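Printed here is upload.cif (mmCIF, C-alpha atoms and all ligand atoms):
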data_data
loop_
_atom_site.label_atom_id
_atom_site.label_comp_id
_atom_site.auth_asym_id
_atom_site.auth_seq_id
_atom_site.Cartn_x
_atom_site.Cartn_y
_atom_site.Cartn_z
CA MET A 920 29.99 -7.20 2.14
CA THR A 921 30.96 -10.41 0.45
CA ALA A 922 29.46 -12.08 -2.59
CA ASN A 923 27.23 -15.08 -2.07
CA ASN A 924 28.95 -17.86 -3.97
CA ASP A 925 27.61 -20.65 -1.82
CA GLU A 926 24.17 -21.59 -3.13
CA THR A 927 23.21 -23.22 0.18
CA VAL A 928 23.64 -19.93 2.05
CA PRO A 929 20.68 -17.61 1.47
CA ALA A 930 21.74 -14.07 0.68
CA ARG A 931 20.05 -11.66 3.06
CA LEU A 932 20.78 -8.38 4.75
CA GLY A 933 21.28 -8.61 8.51
CA PRO A 934 22.16 -5.79 10.93
CA ALA A 935 25.84 -5.68 9.95
CA GLU A 936 25.17 -5.57 6.19
CA VAL A 937 22.46 -2.91 6.54
CA ARG A 938 24.77 -0.60 8.47
CA GLU A 939 27.71 -1.35 6.20
CA LEU A 940 25.71 -0.53 3.07
CA ALA A 941 24.26 2.66 4.57
CA ALA A 942 27.75 3.83 5.63
CA HIS A 943 29.13 2.99 2.19
CA LEU A 944 26.42 5.14 0.56
CA GLY A 945 26.60 7.89 3.16
CA VAL A 946 22.90 7.34 3.88
CA ASN A 947 21.59 8.81 7.11
CA PRO A 948 18.04 7.48 7.23
CA THR A 949 15.55 10.34 7.12
CA LYS A 950 12.12 10.58 8.74
CA LYS A 951 10.93 12.62 5.80
CA LEU A 952 11.31 9.60 3.50
CA GLY A 953 10.17 7.14 6.19
CA GLN A 954 13.54 5.38 6.03
CA ASN A 955 13.39 2.61 8.61
CA PHE A 956 15.25 -0.33 7.14
CA VAL A 957 14.47 -3.93 8.05
CA HIS A 958 17.57 -5.70 9.33
CA ASP A 959 15.97 -8.96 10.40
CA PRO A 960 16.01 -11.81 7.84
CA ASN A 961 13.29 -13.70 9.78
CA THR A 962 10.86 -10.84 9.32
CA VAL A 963 11.66 -10.71 5.62
CA ARG A 964 10.99 -14.44 5.36
CA LYS A 965 7.70 -13.98 7.23
CA ILE A 966 6.58 -11.18 4.89
CA VAL A 967 7.42 -13.20 1.78
CA ARG A 968 5.58 -16.23 3.17
CA LEU A 969 2.48 -14.29 4.25
CA ALA A 970 2.41 -12.55 0.89
CA GLY A 971 2.20 -15.97 -0.76
CA VAL A 972 4.91 -15.03 -3.25
CA LYS A 973 5.59 -17.82 -5.75
CA ALA A 974 8.33 -18.40 -8.28
CA GLY A 975 7.65 -16.36 -11.39
CA ASP A 976 5.27 -13.87 -9.70
CA HIS A 977 5.80 -10.31 -10.85
CA VAL A 978 5.95 -8.26 -7.67
CA ILE A 979 5.97 -4.49 -7.38
CA GLU A 980 7.84 -3.27 -4.31
CA ILE A 981 7.63 0.35 -3.21
CA GLY A 982 10.65 1.77 -1.41
CA PRO A 983 13.15 -1.11 -1.60
CA GLY A 984 15.66 0.93 0.38
CA LEU A 985 18.85 -1.07 0.93
CA GLY A 986 17.17 -4.20 -0.43
CA SER A 987 16.33 -6.35 2.61
CA LEU A 988 12.86 -7.24 1.38
CA THR A 989 13.83 -7.19 -2.30
CA LEU A 990 16.39 -9.93 -1.68
CA GLY A 991 13.75 -12.01 0.09
CA LEU A 992 11.39 -11.62 -2.86
CA THR A 993 13.97 -12.51 -5.49
CA GLU A 994 15.20 -15.38 -3.35
CA ALA A 995 11.64 -16.76 -3.66
CA GLN A 996 12.23 -16.38 -7.40
CA ALA A 997 9.77 -13.57 -7.89
CA ARG A 998 10.53 -10.99 -10.56
CA VAL A 999 10.59 -7.59 -8.92
CA THR A 1000 9.90 -4.05 -10.12
CA ALA A 1001 11.14 -1.79 -7.35
CA ILE A 1002 10.15 1.88 -7.12
CA GLU A 1003 12.56 4.03 -5.08
CA ILE A 1004 12.64 7.81 -4.64
CA ASP A 1005 16.16 8.05 -3.16
CA GLU A 1006 18.71 8.12 -5.96
CA ARG A 1007 21.60 6.66 -3.94
CA LEU A 1008 19.48 3.69 -2.88
CA ALA A 1009 18.05 3.19 -6.37
CA GLN A 1010 21.53 3.15 -7.90
CA GLN A 1011 22.99 0.80 -5.31
CA LEU A 1012 20.21 -1.80 -5.33
CA PRO A 1013 21.06 -3.50 -8.66
CA LEU A 1014 24.72 -3.72 -7.52
CA THR A 1015 23.76 -5.30 -4.17
CA GLN A 1016 21.41 -7.64 -5.93
CA HIS A 1017 23.99 -8.64 -8.52
CA MET A 1018 26.58 -9.33 -5.86
CA MET A 1019 24.30 -11.37 -3.61
CA GLN A 1020 21.90 -12.98 -6.08
CA PRO A 1021 23.31 -12.67 -9.60
CA GLU A 1022 20.40 -14.58 -11.17
CA ALA A 1023 17.70 -12.32 -9.72
CA GLN A 1024 15.28 -10.55 -12.04
CA LEU A 1025 15.05 -7.01 -10.79
CA ARG A 1026 14.10 -3.73 -12.41
CA VAL A 1027 14.57 -0.55 -10.37
CA VAL A 1028 12.64 2.60 -11.26
CA LEU A 1029 13.88 5.84 -9.71
CA THR A 1030 10.77 7.87 -9.06
CA ASP A 1031 8.28 9.07 -6.48
CA ALA A 1032 5.74 6.23 -6.18
CA LEU A 1033 3.01 8.87 -5.91
CA GLU A 1034 3.90 9.94 -9.45
CA LEU A 1035 4.39 6.50 -10.95
CA THR A 1036 2.85 6.34 -14.44
CA ASN A 1037 1.88 3.54 -16.80
CA GLU A 1038 4.77 4.58 -19.07
CA GLN A 1039 7.20 3.58 -16.30
CA LEU A 1040 5.76 0.07 -16.23
CA ILE A 1041 6.23 -2.48 -18.99
CA ALA A 1042 2.98 -2.65 -20.97
CA ASP A 1043 2.82 -6.41 -21.49
CA ASP A 1044 4.42 -7.42 -18.20
CA ARG A 1045 2.48 -5.63 -15.47
CA PRO A 1046 2.96 -6.56 -11.80
CA THR A 1047 0.23 -8.67 -10.20
CA VAL A 1048 1.44 -8.70 -6.57
CA LEU A 1049 2.29 -5.79 -4.28
CA VAL A 1050 4.73 -6.33 -1.42
CA ALA A 1051 6.22 -3.40 0.44
CA ASN A 1052 7.41 -1.92 3.65
CA LEU A 1053 5.79 1.41 2.86
CA PRO A 1054 7.17 4.80 3.84
CA TYR A 1055 4.85 5.62 6.73
CA ASN A 1056 3.96 9.23 6.13
CA VAL A 1057 2.64 8.55 2.61
CA SER A 1058 1.50 4.94 2.83
CA VAL A 1059 -2.21 5.54 2.21
CA PRO A 1060 -1.80 7.89 -0.79
CA ILE A 1061 0.76 5.47 -2.30
CA LEU A 1062 -1.61 2.52 -1.84
CA MET A 1063 -4.51 4.42 -3.39
CA HIS A 1064 -2.40 5.53 -6.32
CA LEU A 1065 -1.14 2.00 -7.03
CA LEU A 1066 -4.58 0.38 -6.76
CA GLU A 1067 -5.94 2.90 -9.22
CA LEU A 1068 -2.97 2.71 -11.60
CA ILE A 1069 -2.49 -1.08 -11.61
CA PRO A 1070 -5.82 -2.93 -11.75
CA GLU A 1071 -3.81 -6.09 -12.53
CA LEU A 1072 -2.78 -6.30 -8.84
CA GLN A 1073 -4.42 -9.47 -7.55
CA ARG A 1074 -3.06 -9.49 -4.02
CA GLY A 1075 -0.59 -7.85 -1.74
CA LEU A 1076 1.00 -7.56 1.65
CA VAL A 1077 2.18 -4.23 3.00
CA MET A 1078 3.83 -3.21 6.22
CA VAL A 1079 2.45 0.06 7.55
CA GLN A 1080 2.15 2.00 10.78
CA ALA A 1081 -0.22 0.03 13.05
CA GLU A 1082 -2.76 2.84 13.35
CA VAL A 1083 -2.92 3.14 9.55
CA GLY A 1084 -3.15 -0.63 9.06
CA TYR A 1085 -6.09 -0.99 11.45
CA ARG A 1086 -7.74 1.90 9.69
CA ILE A 1087 -7.34 0.39 6.21
CA ALA A 1088 -8.73 -2.97 7.35
CA ALA A 1089 -11.57 -1.51 9.47
CA ASN A 1090 -15.23 -2.42 9.04
CA PRO A 1091 -18.19 0.01 9.09
CA GLY A 1092 -19.22 1.08 12.57
CA SER A 1093 -15.80 0.57 14.18
CA LYS A 1094 -13.88 3.49 15.62
CA GLU A 1095 -11.01 3.04 13.15
CA TYR A 1096 -13.33 3.17 10.13
CA GLY A 1097 -12.60 6.17 7.94
CA ALA A 1098 -12.26 7.32 4.34
CA PRO A 1099 -9.20 5.08 3.72
CA SER A 1100 -11.17 2.01 4.89
CA VAL A 1101 -14.06 2.71 2.51
CA LYS A 1102 -11.79 3.52 -0.43
CA ALA A 1103 -9.59 0.47 0.14
CA ALA A 1104 -12.73 -1.69 0.21
CA TRP A 1105 -13.54 -0.53 -3.32
CA TYR A 1106 -10.60 -2.56 -4.57
CA GLY A 1107 -10.87 -5.70 -2.44
CA ASP A 1108 -10.68 -7.30 0.98
CA TRP A 1109 -8.16 -6.15 3.57
CA SER A 1110 -7.13 -7.86 6.76
CA ILE A 1111 -4.41 -7.67 9.39
CA ALA A 1112 -1.93 -10.48 8.70
CA GLY A 1113 0.39 -9.92 11.64
CA THR A 1114 2.23 -7.50 13.88
CA VAL A 1115 5.90 -6.56 13.73
CA SER A 1116 8.30 -5.64 16.49
CA ARG A 1117 9.94 -2.21 16.36
CA LYS A 1118 13.28 -3.88 16.91
CA ILE A 1119 13.48 -5.30 13.41
CA PHE A 1120 14.09 -1.81 12.02
CA TRP A 1121 17.10 0.40 11.84
CA PRO A 1122 16.64 3.01 13.05
CA VAL A 1123 13.93 1.89 15.51
CA PRO A 1124 10.73 3.82 14.70
CA GLY A 1125 8.59 5.57 17.31
CA VAL A 1126 5.46 3.70 16.21
CA ASP A 1127 4.29 0.10 15.94
CA SER A 1128 3.83 -1.64 12.61
CA VAL A 1129 1.45 -4.22 11.21
CA LEU A 1130 1.23 -6.34 8.09
CA VAL A 1131 -1.89 -5.80 6.02
CA ARG A 1132 -3.06 -8.28 3.41
CA TYR A 1133 -4.98 -7.40 0.28
CA GLU A 1134 -7.05 -9.71 -1.95
CA ARG A 1135 -8.59 -8.20 -5.02
CA ARG A 1136 -12.33 -8.63 -5.59
CA SER A 1137 -13.20 -11.22 -8.18
CA GLU A 1138 -15.51 -8.70 -9.80
CA GLN A 1139 -14.99 -4.97 -9.92
CA LEU A 1140 -17.61 -3.01 -7.95
CA GLY A 1141 -18.27 -0.40 -10.61
CA THR A 1142 -16.84 1.66 -13.44
CA GLU A 1143 -14.03 4.19 -13.11
CA THR A 1144 -16.55 7.06 -13.34
CA GLU A 1145 -18.63 5.48 -10.59
CA ARG A 1146 -15.50 5.07 -8.48
CA ARG A 1147 -14.69 8.77 -8.79
CA HIS A 1148 -18.24 9.81 -7.88
CA THR A 1149 -18.29 7.36 -4.98
CA PHE A 1150 -14.94 8.61 -3.64
CA SER A 1151 -16.08 12.22 -3.73
CA LEU A 1152 -19.15 11.27 -1.64
CA VAL A 1153 -16.86 9.41 0.78
CA ASN A 1154 -14.60 12.47 1.08
CA ALA A 1155 -17.56 14.73 1.82
CA ALA A 1156 -19.12 12.30 4.31
CA PHE A 1157 -15.92 11.92 6.34
CA ALA A 1158 -15.03 15.63 6.12
CA GLY A 1159 -18.21 16.13 8.14
CA ARG A 1160 -18.11 12.86 10.02
CA ARG A 1161 -20.00 14.20 13.03
CA LYS A 1162 -22.85 15.33 10.81
CA MET A 1163 -25.67 13.20 9.47
CA ILE A 1164 -25.21 12.28 5.85
CA ARG A 1165 -28.21 14.36 4.74
CA GLN A 1166 -26.00 17.32 5.67
CA SER A 1167 -22.45 16.16 5.03
CA LEU A 1168 -23.10 14.79 1.52
CA GLN A 1169 -24.30 18.18 0.29
CA ALA A 1170 -20.68 19.27 -0.13
CA ALA A 1171 -20.25 16.67 -2.90
CA ILE A 1172 -23.55 17.35 -4.66
CA PRO A 1173 -23.71 20.79 -6.27
CA GLY A 1174 -27.00 22.59 -5.78
CA SER A 1175 -28.29 20.06 -3.24
CA SER A 1176 -30.22 20.77 -0.05
CA THR A 1177 -31.00 18.79 3.11
CA GLU A 1178 -34.34 17.85 1.53
CA SER A 1179 -32.92 16.72 -1.80
CA VAL A 1180 -30.18 14.64 -0.14
CA THR A 1181 -32.75 13.09 2.22
CA GLN A 1182 -34.86 12.09 -0.78
CA LEU A 1183 -31.85 10.73 -2.65
CA VAL A 1184 -30.56 8.67 0.27
CA GLU A 1185 -34.03 7.29 1.04
CA SER A 1186 -34.55 6.39 -2.62
CA VAL A 1187 -31.72 3.80 -2.31
CA GLY A 1188 -33.02 2.42 0.99
CA LEU A 1189 -30.58 4.18 3.34
CA ARG A 1190 -31.22 6.39 6.35
CA PRO A 1191 -30.39 10.10 6.00
CA ASP A 1192 -29.75 10.44 9.73
CA HIS A 1193 -26.83 8.01 9.57
CA ARG A 1194 -23.25 9.23 9.82
CA ALA A 1195 -20.31 8.53 7.54
CA GLU A 1196 -18.99 5.61 9.57
CA SER A 1197 -22.23 3.59 9.28
CA LEU A 1198 -22.06 3.25 5.51
CA ALA A 1199 -20.17 0.55 3.61
CA ILE A 1200 -18.59 1.04 0.21
CA GLY A 1201 -21.66 -0.52 -1.46
CA ASP A 1202 -23.90 2.09 0.20
CA TYR A 1203 -21.79 4.98 -1.09
CA LEU A 1204 -21.86 3.41 -4.55
CA LYS A 1205 -25.67 3.13 -4.44
CA ILE A 1206 -25.93 6.85 -3.69
CA ALA A 1207 -23.41 7.68 -6.43
CA ARG A 1208 -25.41 5.64 -8.96
CA ALA A 1209 -28.66 7.32 -7.97
CA LEU A 1210 -27.06 10.68 -8.70
CA VAL A 1211 -26.44 10.11 -12.41
N1 LIG Q 1 12.00 -1.88 1.90
C1 LIG Q 1 13.08 -1.42 2.74
C2 LIG Q 1 13.16 -2.26 3.98
O1 LIG Q 1 12.16 -2.94 4.28
O2 LIG Q 1 14.19 -2.22 4.63
C3 LIG Q 1 12.94 0.07 3.10
C4 LIG Q 1 11.62 0.48 3.67
S1 LIG Q 1 11.59 2.13 4.29
C5 LIG Q 1 10.28 1.99 5.46
C6 LIG Q 1 10.77 3.08 3.04
C7 LIG Q 1 11.52 3.24 1.71
O3 LIG Q 1 10.69 4.00 0.82
C8 LIG Q 1 12.83 4.01 1.77
O4 LIG Q 1 13.78 3.34 1.00
C9 LIG Q 1 12.52 5.38 1.15
O5 LIG Q 1 13.63 5.98 0.53
C10 LIG Q 1 11.44 5.00 0.15
N2 LIG Q 1 10.49 6.07 -0.17
C11 LIG Q 1 10.03 7.06 0.63
N3 LIG Q 1 9.12 7.81 -0.01
C12 LIG Q 1 8.97 7.26 -1.25
C13 LIG Q 1 8.17 7.58 -2.38
N4 LIG Q 1 7.32 8.62 -2.35
N5 LIG Q 1 8.30 6.83 -3.49
C14 LIG Q 1 9.16 5.77 -3.53
N6 LIG Q 1 9.94 5.41 -2.50
C15 LIG Q 1 9.85 6.15 -1.36
#

What is this structure when it is put down as structure tokens?
Ligand code: SAM
Amino acid sequence: MTANNDETVPARLGPAEVRELAAHLGVNPTKKLGQNFVHDPNTVRKIVRLAGVKAGDHVIEIGPGLGSLTLGLTEAQARVTAIEIDERLAQQLPLTQHMMQPEAQLRVVLTDALELTNEQLIADDRPTVLVANLPYNVSVPILMHLLELIPELQRGLVMVQAEVGYRIAANPGSKEYGAPSVKAAWYGDWSIAGTVSRKIFWPVPGVDSVLVRYERRSEQLGTETERRHTFSLVNAAFAGRRKMIRQSLQAAIPGSSTESVTQLVESVGLRPDHRAESLAIGDYLKIARALV
């Protein structure tokens, strides 16, 4: 791979560079780590555009891999904190970046994103935008962990498995609506921003992908304690999703009975014979508040 000395030529990773870098590192992409690398500069450009990344934004990227998306973000003059679990990729990324975009502001943290802590972020320079091509098998837990850990995140755009994306962005009553939809809605609004061809990845995955956009709520729905109570009700409701909530919610309310849950749910103006998928995040919060 050659250095980018010509400022008019954008530095991006295409199919040849992606394979060359992987061969150089001895990386055989693994399913376990969801390693499907983007080798299409147009898709990278589209993601950066749809994410609304501006010069000076501090972006957190999960799983930068060989750096296809990272280079697109730094090319847009964002500052990037990249969290990568694979040591070879984490060590190579600053070298690739330096060679192709020497001015870029990039900080790579070698860790499992699921275990990312506040200590690994810089206290007075926290990221406000999330952009990532997430590893598919852990995309929802990673999203939930980040949203909880980094309340400063104002917006984001993530690429995920289509089925997961539709689930995250689903509304109450739809067949995709599940616990991830309700929990995601706690933090803000989610929508599908676009679809992505399988061909833009190497290796080509066996599933389709979509881009999901996130906009943080202008006002937080409730306190951290209320969030935890609400999420435990959501977990119980969807664990028994075929049951009516007067039954399913008992699992989250110690010492409760069908009668007491019926009374509780009616006291906040909801119907005890509804099922998990009929309730919006605000409904679960109402029940949680009535419990304390
Ligand atoms: N962003 C790159 C791209 O678009 O080409 C790579 C995306 S690939 C789908 C997912 C990346 O996430 C891989 O680099 C993989 O090593 C990394 N990864 C997998 N599990 C991770 C985890 N738990 N924490 C951080 N990174 C992880």

Practice prompt. Just the residues within 7 Å of Ile1111 (chain A), please, counting only C-alpha atoms, with nothing from its chain fewer than 5 positions along; format it as a PyMOL selection string.
Written response: chain A and resi 1088+1130-1132

If you take every atom of ligand LIG 1 (chain Q) that the file lists and fit an axis-aligned box around them with 3 Å extra on each side, what centre and edge lengths come out in Å to one decimal, as JSON?
{"center_x": 10.8, "center_y": 2.8, "center_z": 1.0, "size_x": 12.9, "size_y": 17.6, "size_z": 15.0}

Worksheet item: Mind listing the residues within 6 Å of ligand LIG 1 (chain Q), all atoms listed in the file counted, as an MDAnalysis selection string?
Response: chainID A and resid 952:957 981:984 986:988 1002:1005 1031:1033 1052:1054

Grab the residues selected above and save them as a PDB file, in the coordinates of the input with C-alpha atoms.
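Output (selection-v9.pdb):
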ATOM      1  CA  LEU A 952      11.310   9.600   3.500  1.00  0.00           C
ATOM      2  CA  GLY A 953      10.170   7.140   6.190  1.00  0.00           C
ATOM      3  CA  GLN A 954      13.540   5.380   6.030  1.00  0.00           C
ATOM      4  CA  ASN A 955      13.390   2.610   8.610  1.00  0.00           C
ATOM      5  CA  PHE A 956      15.250  -0.330   7.140  1.00  0.00           C
ATOM      6  CA  VAL A 957      14.470  -3.930   8.050  1.00  0.00           C
ATOM      7  CA  ILE A 981       7.630   0.350  -3.210  1.00  0.00           C
ATOM      8  CA  GLY A 982      10.650   1.770  -1.410  1.00  0.00           C
ATOM      9  CA  PRO A 983      13.150  -1.110  -1.600  1.00  0.00           C
ATOM     10  CA  GLY A 984      15.660   0.930   0.380  1.00  0.00           C
ATOM     11  CA  GLY A 986      17.170  -4.200  -0.430  1.00  0.00           C
ATOM     12  CA  SER A 987      16.330  -6.350   2.610  1.00  0.00           C
ATOM     13  CA  LEU A 988      12.860  -7.240   1.380  1.00  0.00           C
ATOM     14  CA  ILE A1002      10.150   1.880  -7.120  1.00  0.00           C
ATOM     15  CA  GLU A1003      12.560   4.030  -5.080  1.00  0.00           C
ATOM     16  CA  ILE A1004      12.640   7.810  -4.640  1.00  0.00           C
ATOM     17  CA  ASP A1005      16.160   8.050  -3.160  1.00  0.00           C
ATOM     18  CA  ASP A1031       8.280   9.070  -6.480  1.00  0.00           C
ATOM     19  CA  ALA A1032       5.740   6.230  -6.180  1.00  0.00           C
ATOM     20  CA  LEU A1033       3.010   8.870  -5.910  1.00  0.00           C
ATOM     21  CA  ASN A1052       7.410  -1.920   3.650  1.00  0.00           C
ATOM     22  CA  LEU A1053       5.790   1.410   2.860  1.00  0.00           C
ATOM     23  CA  PRO A1054       7.170   4.800   3.840  1.00  0.00           C
TER      24      PRO A1054
END

Discussion item. Report as JSON, numbers by chain all protein, DNA and RNA residues lying within 8 Å of Glu1196 (chain A), evaluated on all atoms listed in the file, omitting residues in the same chain fewer than 6 positions from it.
Written reply: {"A": [1091, 1092, 1093, 1096, 1097, 1157, 1160]}

If we count all atoms listed in the file and set the cut-off at 12 Å, which residues sit around Leu1204 (chain A), ignoring sequence neighbours fewer than 2 positions away in its own chain? Please answer as a short mmCIF file (atom, residue, chain, number, x, y, z; two decimals) with C-alpha atoms, keeping the file's coordinate frame.
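Saved file selection_20.cif follows:
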data_model
loop_
_atom_site.label_atom_id
_atom_site.label_comp_id
_atom_site.auth_asym_id
_atom_site.auth_seq_id
_atom_site.Cartn_x
_atom_site.Cartn_y
_atom_site.Cartn_z
CA VAL A 1101 -14.06 2.71 2.51
CA LYS A 1102 -11.79 3.52 -0.43
CA ALA A 1104 -12.73 -1.69 0.21
CA TRP A 1105 -13.54 -0.53 -3.32
CA LEU A 1140 -17.61 -3.01 -7.95
CA GLY A 1141 -18.27 -0.40 -10.61
CA THR A 1142 -16.84 1.66 -13.44
CA GLU A 1143 -14.03 4.19 -13.11
CA THR A 1144 -16.55 7.06 -13.34
CA GLU A 1145 -18.63 5.48 -10.59
CA ARG A 1146 -15.50 5.07 -8.48
CA ARG A 1147 -14.69 8.77 -8.79
CA HIS A 1148 -18.24 9.81 -7.88
CA THR A 1149 -18.29 7.36 -4.98
CA PHE A 1150 -14.94 8.61 -3.64
CA SER A 1151 -16.08 12.22 -3.73
CA LEU A 1152 -19.15 11.27 -1.64
CA VAL A 1153 -16.86 9.41 0.78
CA VAL A 1184 -30.56 8.67 0.27
CA VAL A 1187 -31.72 3.80 -2.31
CA LEU A 1189 -30.58 4.18 3.34
CA LEU A 1198 -22.06 3.25 5.51
CA ALA A 1199 -20.17 0.55 3.61
CA ILE A 1200 -18.59 1.04 0.21
CA GLY A 1201 -21.66 -0.52 -1.46
CA ASP A 1202 -23.90 2.09 0.20
CA ILE A 1206 -25.93 6.85 -3.69
CA ALA A 1207 -23.41 7.68 -6.43
CA ARG A 1208 -25.41 5.64 -8.96
CA ALA A 1209 -28.66 7.32 -7.97
CA LEU A 1210 -27.06 10.68 -8.70
CA VAL A 1211 -26.44 10.11 -12.41
#
